[in-house]
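Engineer: Before we start, here is the structure in question, set down as structure tokens.
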Protein chains: 2
Amino acid sequence: MTPDTEVPEAGLRERKKQQTRELIVRVALDLFVKQGFAATTIPEIADAADVSPRTVSSYFPAKEDLVFDLTAATFDRLEARLHERRDGETTAEALRDWIASEAPGWDDDQQMNVRKRVVHESEHLQAYSKRFIARGEELVAHSIASDLGGHPDDLEARMASAATLALFSVLNAHKDDAAAADGSGNCQGTHSREDAVELLDRALLFVSAGIRALQIARAEEASAHTLGT
Amino acid sequence: MTPDTEVPEAGLRERKKQQTRELIVRVALDLFVKQGFAATTIPEIADAADVSPRTVSSYFPAKEDLVFDLTAATFDRLEARLHERRDGETTAEALRDWIASEAPGWDDDQQMNVRKRVVHESEHLQAYSKRFIARGEELVAHSIASDLGGHPDDLEARMASAATLALFSVLNAHKDDAAAADGSGNCQGTHSREDAVELLDRALLFVSAGIRALQIARAEEASAHTLGT
DNA sequence: TGCAAAAATGCATCTCTTGCAGAAATGCCT
DNA sequence: AGGCATTTCTGCAAGAGATGCATTTTTGCA
């Protein structure tokens, strides 16, 4: 057993690992932008990062995961945030909190912008990105279900989470617009910093209205039954 | 030019092609059930279907497409239905119509049940299935946007379509439950025939309530501006 | 300094995917 | 019926990613 704290600072070894990982991602995204995703081979990436191809594959089970490394981390944090919310804290509140802490980085982060550009011109990657959205939906659905005291596979929870996550489609679409309108490949921050929070609020409004509508409908149905209609 | 009608009956050649395609799908699903998706190779499938491996790959660009052949066709019909709706017909109405005509086949169809079983035990296939859901969302988002006179990438359209398509998550989840509860692999119709339409109605209720909420919010915001708040 | 764990590497293999050219079949016209 | 054009199927081969395994190198710690 390690004597004291386990989380504070990872060993130097761990840090180096992380460093290598980031290097590979950086190099890979670079090549993807220059030559396209499909046209870039893993050995190429390995060369550029000064590691063996086998190492790349070890870090990233699928080539596509190189593109979504940050995305995965973002959703990791969502998962953590949803799990560690205080008693009584709503999923909506946790989401708001999470977005508020994530969004500020989205505009400036070079990685994010590069990723967007790469994904934008590859149907395959767009499809792959859905995996992460799906993961988000799963997380939110479970969280909402626990709020509502229902099952994660209930229509309400499912619709609510799907609608909430739709936010990302919008966000990405807007960024694409910005990038496209820009003409040049350079698509740095246009907006979305506070947009993200604002959009989420609208989404939450939508969702809560929807849920309420279903609850009312159910109540009416129940009373109708009681009255023997 | 062909003399008269062009659509009525496809040539015999076309029919045979379709026949081969279906044979391959049938055989493939069979093997997938028996040995699992990953453990089944394309040459195996080709052998079983008495065609060359190259032919299989020609018909189905990706091995996964063998699993979702019917799914793709279903969404083809959705696309057609949404395109050919009469003036004034709501997306919701078209959806209802579409579901009503599709759902009856879902329970009995052996293919569907087999597909579900295969997909259920493969994360990879579950992820792949999202591609079709995404396509559906795209279609519905466009349709709704044209109803609302907005852009398909507007939050409302996006949320509405996402929430609507969430129906399939629920449907599949329920069928999974049924299959799991059944114990034996035999998971034939438990419900969902009319469930699908009923669920859709609930979904549409949810969606319309959400949209209305957003519209109201927007209106209030506008009046607030006018009043100089 | 030396040892044990962890990481990186090299190698081999399997499978999918795709392009290309030739063979086979199908449809149609004379 | 025969012949021709088109479409499909087939066989071959190369390219790339994913993965298991054994080996070497690095790192952390006693």
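The way I read the labels, and the way they are meant: chains A, B, ... in the order of the structure tokens, residue 1 as the first residue of every chain, and ligand 1 as the first ligand shown, with later ones counted on from there.
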Superposition of chain B onto chain A by least squares over all sequentially paired C-alpha atoms; the transformed chain is requested as a compact mmCIF listing (two decimals) with C-alpha atoms, in the first residue's frame.
Structural biologist:
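Result went into selection.txt, see below:
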# COMPACT_ATOMS: atom_id res chain seq x y z
CA MET B 1 0.74 0.41 0.83
CA THR B 2 1.79 3.88 -0.07
CA PRO B 3 2.14 5.95 3.10
CA ASP B 4 -0.27 8.83 2.55
CA THR B 5 -2.22 10.41 -0.27
CA GLU B 6 -2.79 8.30 -3.33
CA VAL B 7 -4.24 10.73 -5.82
CA PRO B 8 -2.25 13.98 -5.54
CA GLU B 9 0.61 13.46 -7.92
CA ALA B 10 1.13 10.54 -10.18
CA GLY B 11 4.62 9.13 -10.34
CA LEU B 12 7.07 10.45 -12.85
CA ARG B 13 6.47 7.37 -14.89
CA GLU B 14 2.81 8.17 -15.19
CA ARG B 15 3.62 11.70 -16.16
CA LYS B 16 5.87 10.59 -18.91
CA LYS B 17 3.21 8.28 -20.19
CA GLN B 18 0.74 11.11 -20.34
CA GLN B 19 3.35 13.17 -22.09
CA THR B 20 3.87 10.57 -24.76
CA ARG B 21 0.16 10.20 -25.23
CA GLU B 22 -0.30 13.89 -25.77
CA LEU B 23 2.62 14.04 -28.13
CA ILE B 24 1.14 11.32 -30.24
CA VAL B 25 -2.23 13.02 -30.34
CA ARG B 26 -0.69 16.32 -31.28
CA VAL B 27 1.40 14.87 -34.02
CA ALA B 28 -1.46 12.79 -35.32
CA LEU B 29 -3.90 15.68 -35.53
CA ASP B 30 -1.24 17.60 -37.32
CA LEU B 31 -0.90 14.98 -39.97
CA PHE B 32 -4.64 14.52 -40.21
CA VAL B 33 -5.07 18.17 -40.99
CA LYS B 34 -2.32 18.15 -43.54
CA GLN B 35 -3.10 14.93 -45.37
CA GLY B 36 -6.51 13.88 -44.19
CA PHE B 37 -7.43 11.19 -41.75
CA ALA B 38 -7.63 8.25 -44.12
CA ALA B 39 -4.46 9.15 -45.96
CA THR B 40 -2.41 9.14 -42.79
CA THR B 41 -1.10 5.78 -41.70
CA ILE B 42 -0.22 4.71 -38.21
CA PRO B 43 3.43 4.12 -39.03
CA GLU B 44 3.60 7.68 -40.27
CA ILE B 45 2.22 8.96 -37.03
CA ALA B 46 4.59 6.78 -35.09
CA ASP B 47 7.53 8.11 -37.05
CA ALA B 48 6.53 11.67 -36.47
CA ALA B 49 6.14 11.03 -32.76
CA ASP B 50 9.29 8.99 -32.49
CA VAL B 51 7.64 5.92 -31.14
CA SER B 52 6.94 2.54 -32.58
CA PRO B 53 3.70 1.90 -34.44
CA ARG B 54 2.90 -0.74 -31.91
CA THR B 55 2.99 1.89 -29.21
CA VAL B 56 0.48 4.03 -30.99
CA SER B 57 -1.89 1.13 -31.27
CA SER B 58 -1.41 0.36 -27.60
CA TYR B 59 -2.34 3.83 -26.51
CA PHE B 60 -5.21 4.11 -28.95
CA PRO B 61 -7.10 0.91 -29.69
CA ALA B 62 -8.55 2.45 -32.80
CA LYS B 63 -7.02 5.00 -35.09
CA GLU B 64 -10.14 7.10 -34.64
CA ASP B 65 -9.50 7.43 -30.93
CA LEU B 66 -6.58 9.66 -31.77
CA VAL B 67 -9.06 12.24 -32.93
CA PHE B 68 -11.36 12.05 -29.96
CA ASP B 69 -8.91 11.90 -27.11
CA LEU B 70 -10.02 15.21 -25.67
CA THR B 71 -13.64 14.45 -26.27
CA ALA B 72 -13.38 11.28 -24.27
CA ALA B 73 -11.73 13.15 -21.43
CA THR B 74 -14.51 15.73 -21.48
CA PHE B 75 -17.12 13.06 -21.04
CA ASP B 76 -15.03 11.42 -18.37
CA ARG B 77 -15.42 14.62 -16.44
CA LEU B 78 -19.13 14.67 -17.10
CA GLU B 79 -19.38 11.20 -15.67
CA ALA B 80 -17.44 12.19 -12.60
CA ARG B 81 -19.47 15.33 -12.13
CA LEU B 82 -22.76 13.49 -12.37
CA HIS B 83 -21.62 10.86 -9.92
CA GLU B 84 -20.35 13.18 -7.28
CA ARG B 85 -23.25 15.56 -7.15
CA ARG B 86 -24.63 16.39 -3.76
CA ASP B 87 -27.90 14.99 -2.57
CA GLY B 88 -30.70 17.03 -3.97
CA GLU B 89 -28.62 18.49 -6.74
CA THR B 90 -30.44 18.20 -10.01
CA THR B 91 -28.99 16.67 -13.12
CA ALA B 92 -29.73 19.96 -14.77
CA GLU B 93 -27.66 21.81 -12.21
CA ALA B 94 -24.77 19.44 -12.55
CA LEU B 95 -24.92 19.77 -16.31
CA ARG B 96 -24.91 23.50 -16.10
CA ASP B 97 -21.95 23.38 -13.83
CA TRP B 98 -20.11 20.99 -16.05
CA ILE B 99 -20.72 22.96 -19.22
CA ALA B 100 -19.73 26.16 -17.52
CA SER B 101 -16.40 24.67 -16.56
CA GLU B 102 -15.76 23.00 -19.91
CA ALA B 103 -16.97 25.54 -22.41
CA PRO B 104 -14.38 28.24 -21.72
CA GLY B 105 -11.68 26.01 -23.14
CA TRP B 106 -13.55 25.08 -26.28
CA ASP B 107 -12.96 28.20 -28.27
CA ASP B 108 -9.32 28.76 -27.78
CA ASP B 109 -8.13 25.22 -27.56
CA GLN B 110 -6.26 24.55 -30.74
CA GLN B 111 -6.88 20.84 -30.40
CA MET B 112 -10.62 21.35 -30.38
CA ASN B 113 -10.59 23.48 -33.48
CA VAL B 114 -8.33 21.14 -35.32
CA ARG B 115 -10.43 18.19 -34.31
CA LYS B 116 -13.50 19.91 -35.60
CA ARG B 117 -11.93 20.59 -38.92
CA VAL B 118 -10.76 17.04 -39.31
CA VAL B 119 -14.06 15.53 -38.29
CA HIS B 120 -15.99 17.89 -40.47
CA GLU B 121 -14.64 16.46 -43.69
CA SER B 122 -14.96 12.81 -42.91
CA GLU B 123 -18.29 11.07 -42.73
CA HIS B 124 -16.57 8.22 -41.08
CA LEU B 125 -15.35 10.35 -38.23
CA GLN B 126 -18.67 12.09 -37.88
CA ALA B 127 -20.23 8.71 -37.40
CA TYR B 128 -17.56 7.72 -34.95
CA SER B 129 -18.13 10.85 -32.95
CA LYS B 130 -21.65 9.65 -32.30
CA ARG B 131 -20.20 7.07 -29.98
CA PHE B 132 -19.22 9.73 -27.54
CA ILE B 133 -22.53 11.51 -27.81
CA ALA B 134 -24.13 8.18 -27.11
CA ARG B 135 -22.03 7.78 -24.04
CA GLY B 136 -23.09 11.19 -22.88
CA GLU B 137 -26.71 10.29 -23.45
CA GLU B 138 -26.22 7.18 -21.42
CA LEU B 139 -24.77 9.11 -18.52
CA VAL B 140 -27.42 11.79 -18.57
CA ALA B 141 -30.23 9.30 -19.00
CA HIS B 142 -29.14 7.45 -15.89
CA SER B 143 -28.79 10.63 -13.95
CA ILE B 144 -32.18 11.93 -14.99
CA ALA B 145 -33.77 8.59 -14.30
CA SER B 146 -32.49 8.70 -10.77
CA ASP B 147 -33.89 12.23 -10.45
CA LEU B 148 -37.26 11.14 -11.70
CA GLY B 149 -37.22 7.86 -9.86
CA GLY B 150 -37.61 5.95 -13.09
CA HIS B 151 -35.66 3.63 -15.30
CA PRO B 152 -32.91 4.94 -17.59
CA ASP B 153 -34.66 3.32 -20.52
CA ASP B 154 -37.92 5.12 -19.89
CA LEU B 155 -39.00 7.29 -22.74
CA GLU B 156 -38.79 10.42 -20.65
CA ALA B 157 -35.23 9.90 -19.51
CA ARG B 158 -34.19 8.88 -22.99
CA MET B 159 -35.80 11.81 -24.70
CA ALA B 160 -34.53 14.24 -22.12
CA SER B 161 -30.97 13.08 -22.46
CA ALA B 162 -31.13 12.92 -26.23
CA ALA B 163 -32.51 16.43 -26.41
CA THR B 164 -29.87 17.68 -24.02
CA LEU B 165 -27.03 16.14 -25.93
CA ALA B 166 -28.44 17.60 -29.12
CA LEU B 167 -26.72 20.68 -27.89
CA PHE B 168 -23.48 19.36 -29.26
CA SER B 169 -24.86 18.92 -32.73
CA VAL B 170 -25.80 22.56 -32.64
CA LEU B 171 -22.51 23.64 -31.19
CA ASN B 172 -20.55 21.77 -33.80
CA ALA B 173 -22.79 22.94 -36.58
CA HIS B 174 -22.32 26.53 -35.55
CA LYS B 175 -18.60 26.16 -35.39
CA ASP B 176 -18.67 24.58 -38.79
CA ASP B 177 -20.58 27.53 -40.09
CA ALA B 178 -18.07 29.85 -38.60
CA ALA B 179 -15.23 27.90 -40.10
CA ALA B 180 -16.93 27.75 -43.47
CA ALA B 181 -17.82 31.41 -43.46
CA ASP B 182 -14.29 32.22 -42.50
CA GLY B 183 -13.14 30.72 -45.71
CA SER B 184 -9.56 30.31 -44.61
CA GLY B 185 -8.94 27.31 -42.49
CA ASN B 186 -8.34 29.51 -39.51
CA CYS B 187 -11.44 29.16 -37.40
CA GLN B 188 -10.72 30.51 -33.99
CA GLY B 189 -13.29 31.63 -31.47
CA THR B 190 -16.33 33.16 -32.99
CA HIS B 191 -18.69 32.63 -30.08
CA SER B 192 -19.99 29.68 -28.04
CA ARG B 193 -18.10 30.57 -24.90
CA GLU B 194 -21.24 31.65 -23.10
CA ASP B 195 -23.34 30.35 -25.93
CA ALA B 196 -22.88 26.88 -24.58
CA VAL B 197 -24.41 27.75 -21.23
CA GLU B 198 -27.14 29.73 -22.88
CA LEU B 199 -27.95 26.90 -25.23
CA LEU B 200 -27.98 24.47 -22.37
CA ASP B 201 -30.48 26.63 -20.56
CA ARG B 202 -32.72 26.58 -23.56
CA ALA B 203 -32.31 22.86 -23.80
CA LEU B 204 -33.20 22.42 -20.17
CA LEU B 205 -36.26 24.54 -20.64
CA PHE B 206 -37.30 22.40 -23.56
CA VAL B 207 -36.71 19.24 -21.62
CA SER B 208 -38.49 20.26 -18.48
CA ALA B 209 -41.49 21.42 -20.47
CA GLY B 210 -41.56 18.10 -22.25
CA ILE B 211 -41.33 16.12 -19.06
CA ARG B 212 -44.05 18.15 -17.45
CA ALA B 213 -46.29 17.58 -20.42
CA LEU B 214 -45.86 13.85 -20.12
CA GLN B 215 -46.53 13.91 -16.41
CA ILE B 216 -49.70 15.86 -16.91
CA ALA B 217 -50.81 13.50 -19.63
CA ARG B 218 -50.18 10.57 -17.36
CA ALA B 219 -52.08 12.17 -14.54
CA GLU B 220 -55.06 12.85 -16.76
CA GLU B 221 -54.99 9.36 -18.04
CA ALA B 222 -54.97 8.02 -14.51
CA SER B 223 -57.90 10.16 -13.41
CA ALA B 224 -59.79 9.16 -16.49
CA HIS B 225 -59.32 5.56 -15.51
CA THR B 226 -60.44 6.29 -11.98
CA LEU B 227 -63.54 7.96 -13.30
CA GLY B 228 -64.14 4.98 -15.48
CA THR B 229 -63.91 6.67 -18.83
Engineer: Could you please tell me, as a list in words, which residues of chain C have an atom within 9 Å of chain B when using only C-alpha atoms (C1' of nucleotides)?
Structural biologist: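 So the contacting residues turn out to be DT15, DC16, DT17, DT26 and DG27 of chain C.
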Engineer: Can you spit out the residues from that selection as a PDB file, in the first residue's frame, using N, CA and C atoms (P, O5', C5', C4', C3', O3' and C1' of nucleotides)?
Structural biologist:
ATOM      1  P    DT C  15      -8.843 -14.832 -39.667  1.00  0.00           P
ATOM      2  O5'  DT C  15      -9.421 -13.418 -40.078  1.00  0.00           O
ATOM      3  C5'  DT C  15      -9.690 -12.455 -39.077  1.00  0.00           C
ATOM      4  C4'  DT C  15     -10.013 -11.131 -39.699  1.00  0.00           C
ATOM      5  C3'  DT C  15     -10.858 -11.228 -40.972  1.00  0.00           C
ATOM      6  O3'  DT C  15     -12.084 -10.568 -40.750  1.00  0.00           O
ATOM      7  C1'  DT C  15      -9.017  -9.752 -41.262  1.00  0.00           C
ATOM      8  P    DC C  16     -13.184 -10.517 -41.851  1.00  0.00           P
ATOM      9  O5'  DC C  16     -13.041  -8.995 -42.316  1.00  0.00           O
ATOM     10  C5'  DC C  16     -13.011  -7.978 -41.314  1.00  0.00           C
ATOM     11  C4'  DC C  16     -12.610  -6.671 -41.950  1.00  0.00           C
ATOM     12  C3'  DC C  16     -13.473  -6.252 -43.143  1.00  0.00           C
ATOM     13  O3'  DC C  16     -13.818  -4.884 -42.993  1.00  0.00           O
ATOM     14  C1'  DC C  16     -11.180  -6.244 -43.748  1.00  0.00           C
ATOM     15  P    DT C  17     -14.944  -4.265 -43.942  1.00  0.00           P
ATOM     16  O5'  DT C  17     -14.084  -3.581 -45.087  1.00  0.00           O
ATOM     17  C5'  DT C  17     -13.087  -2.629 -44.719  1.00  0.00           C
ATOM     18  C4'  DT C  17     -12.296  -2.200 -45.940  1.00  0.00           C
ATOM     19  C3'  DT C  17     -13.133  -1.937 -47.198  1.00  0.00           C
ATOM     20  O3'  DT C  17     -12.923  -0.596 -47.585  1.00  0.00           O
ATOM     21  C1'  DT C  17     -11.208  -3.247 -47.691  1.00  0.00           C
ATOM     22  P    DT C  26     -27.675 -15.773 -65.300  1.00  0.00           P
ATOM     23  O5'  DT C  26     -27.956 -14.454 -66.169  1.00  0.00           O
ATOM     24  C5'  DT C  26     -27.922 -13.220 -65.473  1.00  0.00           C
ATOM     25  C4'  DT C  26     -28.259 -12.074 -66.394  1.00  0.00           C
ATOM     26  C3'  DT C  26     -29.595 -12.205 -67.109  1.00  0.00           C
ATOM     27  O3'  DT C  26     -30.343 -11.038 -66.825  1.00  0.00           O
ATOM     28  C1'  DT C  26     -27.898 -11.567 -68.603  1.00  0.00           C
ATOM     29  P    DG C  27     -31.901 -11.004 -67.201  1.00  0.00           P
ATOM     30  O5'  DG C  27     -31.824  -9.947 -68.380  1.00  0.00           O
ATOM     31  C5'  DG C  27     -31.225  -8.686 -68.137  1.00  0.00           C
ATOM     32  C4'  DG C  27     -31.209  -7.870 -69.413  1.00  0.00           C
ATOM     33  C3'  DG C  27     -32.515  -7.926 -70.201  1.00  0.00           C
ATOM     34  O3'  DG C  27     -32.859  -6.613 -70.616  1.00  0.00           O
ATOM     35  C1'  DG C  27     -30.695  -8.601 -71.573  1.00  0.00           C
TER      36       DG C  27
END
Engineer: Skipping near chain neighbours, those fewer than 4 positions away, what residues fall within 12 Å of DC12 of chain D using only C-alpha atoms (C1' of nucleotides), listed as a PyMOL selection string?
Structural biologist: (chain B and resi 54) or (chain C and resi 19-22)
Engineer: May I have the selected residues written with N, CA and C atoms (P, O5', C5', C4', C3', O3' and C1' of nucleotides), as a PDB file, in the first residue's frame?
Structural biologist:
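Saved to again.pdb:
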ATOM      1  N   ARG B  54     -15.382 -11.515 -52.587  1.00  0.00           N
ATOM      2  CA  ARG B  54     -15.377 -10.207 -53.236  1.00  0.00           C
ATOM      3  C   ARG B  54     -16.794  -9.698 -53.481  1.00  0.00           C
TER       4      ARG B  54
ATOM      5  P    DG C  19     -11.398   1.612 -54.561  1.00  0.00           P
ATOM      6  O5'  DG C  19     -10.355   1.167 -55.678  1.00  0.00           O
ATOM      7  C5'  DG C  19      -8.959   1.316 -55.431  1.00  0.00           C
ATOM      8  C4'  DG C  19      -8.170   0.532 -56.451  1.00  0.00           C
ATOM      9  C3'  DG C  19      -8.734   0.604 -57.872  1.00  0.00           C
ATOM     10  O3'  DG C  19      -7.652   0.773 -58.790  1.00  0.00           O
ATOM     11  C1'  DG C  19      -8.610  -1.652 -57.168  1.00  0.00           C
ATOM     12  P    DC C  20      -7.950   1.122 -60.292  1.00  0.00           P
ATOM     13  O5'  DC C  20      -7.684  -0.289 -60.972  1.00  0.00           O
ATOM     14  C5'  DC C  20      -6.586  -1.089 -60.516  1.00  0.00           C
ATOM     15  C4'  DC C  20      -6.571  -2.410 -61.259  1.00  0.00           C
ATOM     16  C3'  DC C  20      -7.248  -2.371 -62.634  1.00  0.00           C
ATOM     17  O3'  DC C  20      -6.471  -3.089 -63.558  1.00  0.00           O
ATOM     18  C1'  DC C  20      -8.198  -4.063 -61.308  1.00  0.00           C
ATOM     19  P    DA C  21      -6.688  -2.868 -65.112  1.00  0.00           P
ATOM     20  O5'  DA C  21      -6.811  -4.382 -65.572  1.00  0.00           O
ATOM     21  C5'  DA C  21      -5.855  -5.343 -65.106  1.00  0.00           C
ATOM     22  C4'  DA C  21      -6.419  -6.736 -65.328  1.00  0.00           C
ATOM     23  C3'  DA C  21      -7.083  -6.918 -66.699  1.00  0.00           C
ATOM     24  O3'  DA C  21      -6.777  -8.202 -67.201  1.00  0.00           O
ATOM     25  C1'  DA C  21      -8.640  -7.384 -64.997  1.00  0.00           C
ATOM     26  P    DG C  22      -7.108  -8.542 -68.699  1.00  0.00           P
ATOM     27  O5'  DG C  22      -7.842  -9.939 -68.540  1.00  0.00           O
ATOM     28  C5'  DG C  22      -7.330 -10.891 -67.595  1.00  0.00           C
ATOM     29  C4'  DG C  22      -8.442 -11.814 -67.147  1.00  0.00           C
ATOM     30  C3'  DG C  22      -9.284 -12.376 -68.307  1.00  0.00           C
ATOM     31  O3'  DG C  22      -9.533 -13.759 -68.065  1.00  0.00           O
ATOM     32  C1'  DG C  22     -10.695 -11.335 -66.729  1.00  0.00           C
TER      33       DG C  22
END
Engineer: I need the chain D residues near chain B as a list in words; criterion: at most 12 Å, counting only C-alpha atoms (C1' of nucleotides).
Structural biologist: DT6, DT7, DT8, DC9, DT10, DG11 and DC12 of chain D
Engineer: With N, CA and C atoms (P, O5', C5', C4', C3', O3' and C1' of nucleotides) retained, export the selected residues as a short mmCIF file (atom, residue, chain, number, x, y, z; two decimals), in the first residue's frame.
Structural biologist:
data_model
loop_
_atom_site.label_atom_id
_atom_site.label_comp_id
_atom_site.auth_asym_id
_atom_site.auth_seq_id
_atom_site.Cartn_x
_atom_site.Cartn_y
_atom_site.Cartn_z
P DT D 6 -22.38 -0.89 -74.18
"O5'" DT D 6 -23.03 -1.40 -72.81
"C5'" DT D 6 -24.43 -1.71 -72.78
"C4'" DT D 6 -24.74 -2.47 -71.50
"C3'" DT D 6 -24.00 -1.94 -70.26
"O3'" DT D 6 -24.96 -1.69 -69.25
"C1'" DT D 6 -23.74 -4.29 -70.42
P DT D 7 -24.53 -0.96 -67.90
"O5'" DT D 7 -24.68 -2.15 -66.86
"C5'" DT D 7 -25.80 -3.02 -66.97
"C4'" DT D 7 -25.55 -4.29 -66.20
"C3'" DT D 7 -24.95 -4.06 -64.80
"O3'" DT D 7 -25.79 -4.70 -63.85
"C1'" DT D 7 -23.74 -5.74 -65.96
P DT D 8 -25.57 -4.49 -62.27
"O5'" DT D 8 -25.02 -5.91 -61.81
"C5'" DT D 8 -25.00 -6.92 -62.74
"C4'" DT D 8 -24.50 -8.25 -62.22
"C3'" DT D 8 -23.91 -8.31 -60.82
"O3'" DT D 8 -24.32 -9.53 -60.21
"C1'" DT D 8 -22.24 -8.92 -62.39
P DC D 9 -23.84 -9.96 -58.76
"O5'" DC D 9 -22.58 -10.89 -59.11
"C5'" DC D 9 -22.81 -12.06 -59.87
"C4'" DC D 9 -21.50 -12.79 -60.09
"C3'" DC D 9 -20.72 -13.09 -58.80
"O3'" DC D 9 -20.40 -14.46 -58.78
"C1'" DC D 9 -19.33 -12.01 -60.38
P DT D 10 -19.67 -15.09 -57.51
"O5'" DT D 10 -18.17 -15.11 -57.99
"C5'" DT D 10 -17.87 -15.64 -59.27
"C4'" DT D 10 -16.40 -15.45 -59.59
"C3'" DT D 10 -15.45 -15.75 -58.43
"O3'" DT D 10 -14.56 -16.78 -58.83
"C1'" DT D 10 -14.89 -13.70 -59.51
P DG D 11 -13.74 -17.58 -57.73
"O5'" DG D 11 -12.27 -17.04 -58.03
"C5'" DG D 11 -11.85 -16.88 -59.37
"C4'" DG D 11 -10.49 -16.20 -59.42
"C3'" DG D 11 -9.60 -16.50 -58.22
"O3'" DG D 11 -8.30 -16.81 -58.69
"C1'" DG D 11 -9.90 -14.14 -58.45
P DC D 12 -7.10 -17.05 -57.70
"O5'" DC D 12 -6.40 -15.61 -57.73
"C5'" DC D 12 -6.15 -14.98 -58.98
"C4'" DC D 12 -5.34 -13.72 -58.74
"C3'" DC D 12 -4.36 -13.84 -57.56
"O3'" DC D 12 -3.10 -13.36 -57.97
"C1'" DC D 12 -5.78 -11.95 -57.29
#
Engineer: Rounded to one decimal in Å, what is the spacing between atom C1' of DT23 of chain D and atom C1' of DA6 of chain C?
Structural biologist: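 Atom C1' of DT23 of chain D sits 13.9 Å away from atom C1' of DA6 of chain C.
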Engineer: If you measure from atom C1' of DC14 of chain C to atom C1' of DT24 of chain D, what distance in Å do you get, rounded to one decimal?
Structural biologist: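 One can read the atom C1' of DC14 of chain C to atom C1' of DT24 of chain D distance as 25.2 Å.
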Engineer: So that I can check the surroundings of DA7 of chain C, please list as a PyMOL selection string every protein, DNA and RNA residue that reaches within 9 Å of it, counting only C-alpha atoms (C1' of nucleotides) and ignoring chain neighbours fewer than 5 positions away.
Structural biologist: (chain A and resi 17) or (chain D and resi 25-27)
Engineer: Expressed in Å to a single decimal, how great is the separation between atom C1' of DG10 of chain C and atom C1' of DG20 of chain D?
Structural biologist: 12.7 Å
Engineer: Mind checking DSSP for segment 13-222 of chain A and telling me the alpha helix (DSSP H) residues as a PyMOL selection string?
Structural biologist: chain A and resi 13-35+42-49+53-59+69-83+91-108+110-120+123-148+155-182+193-222
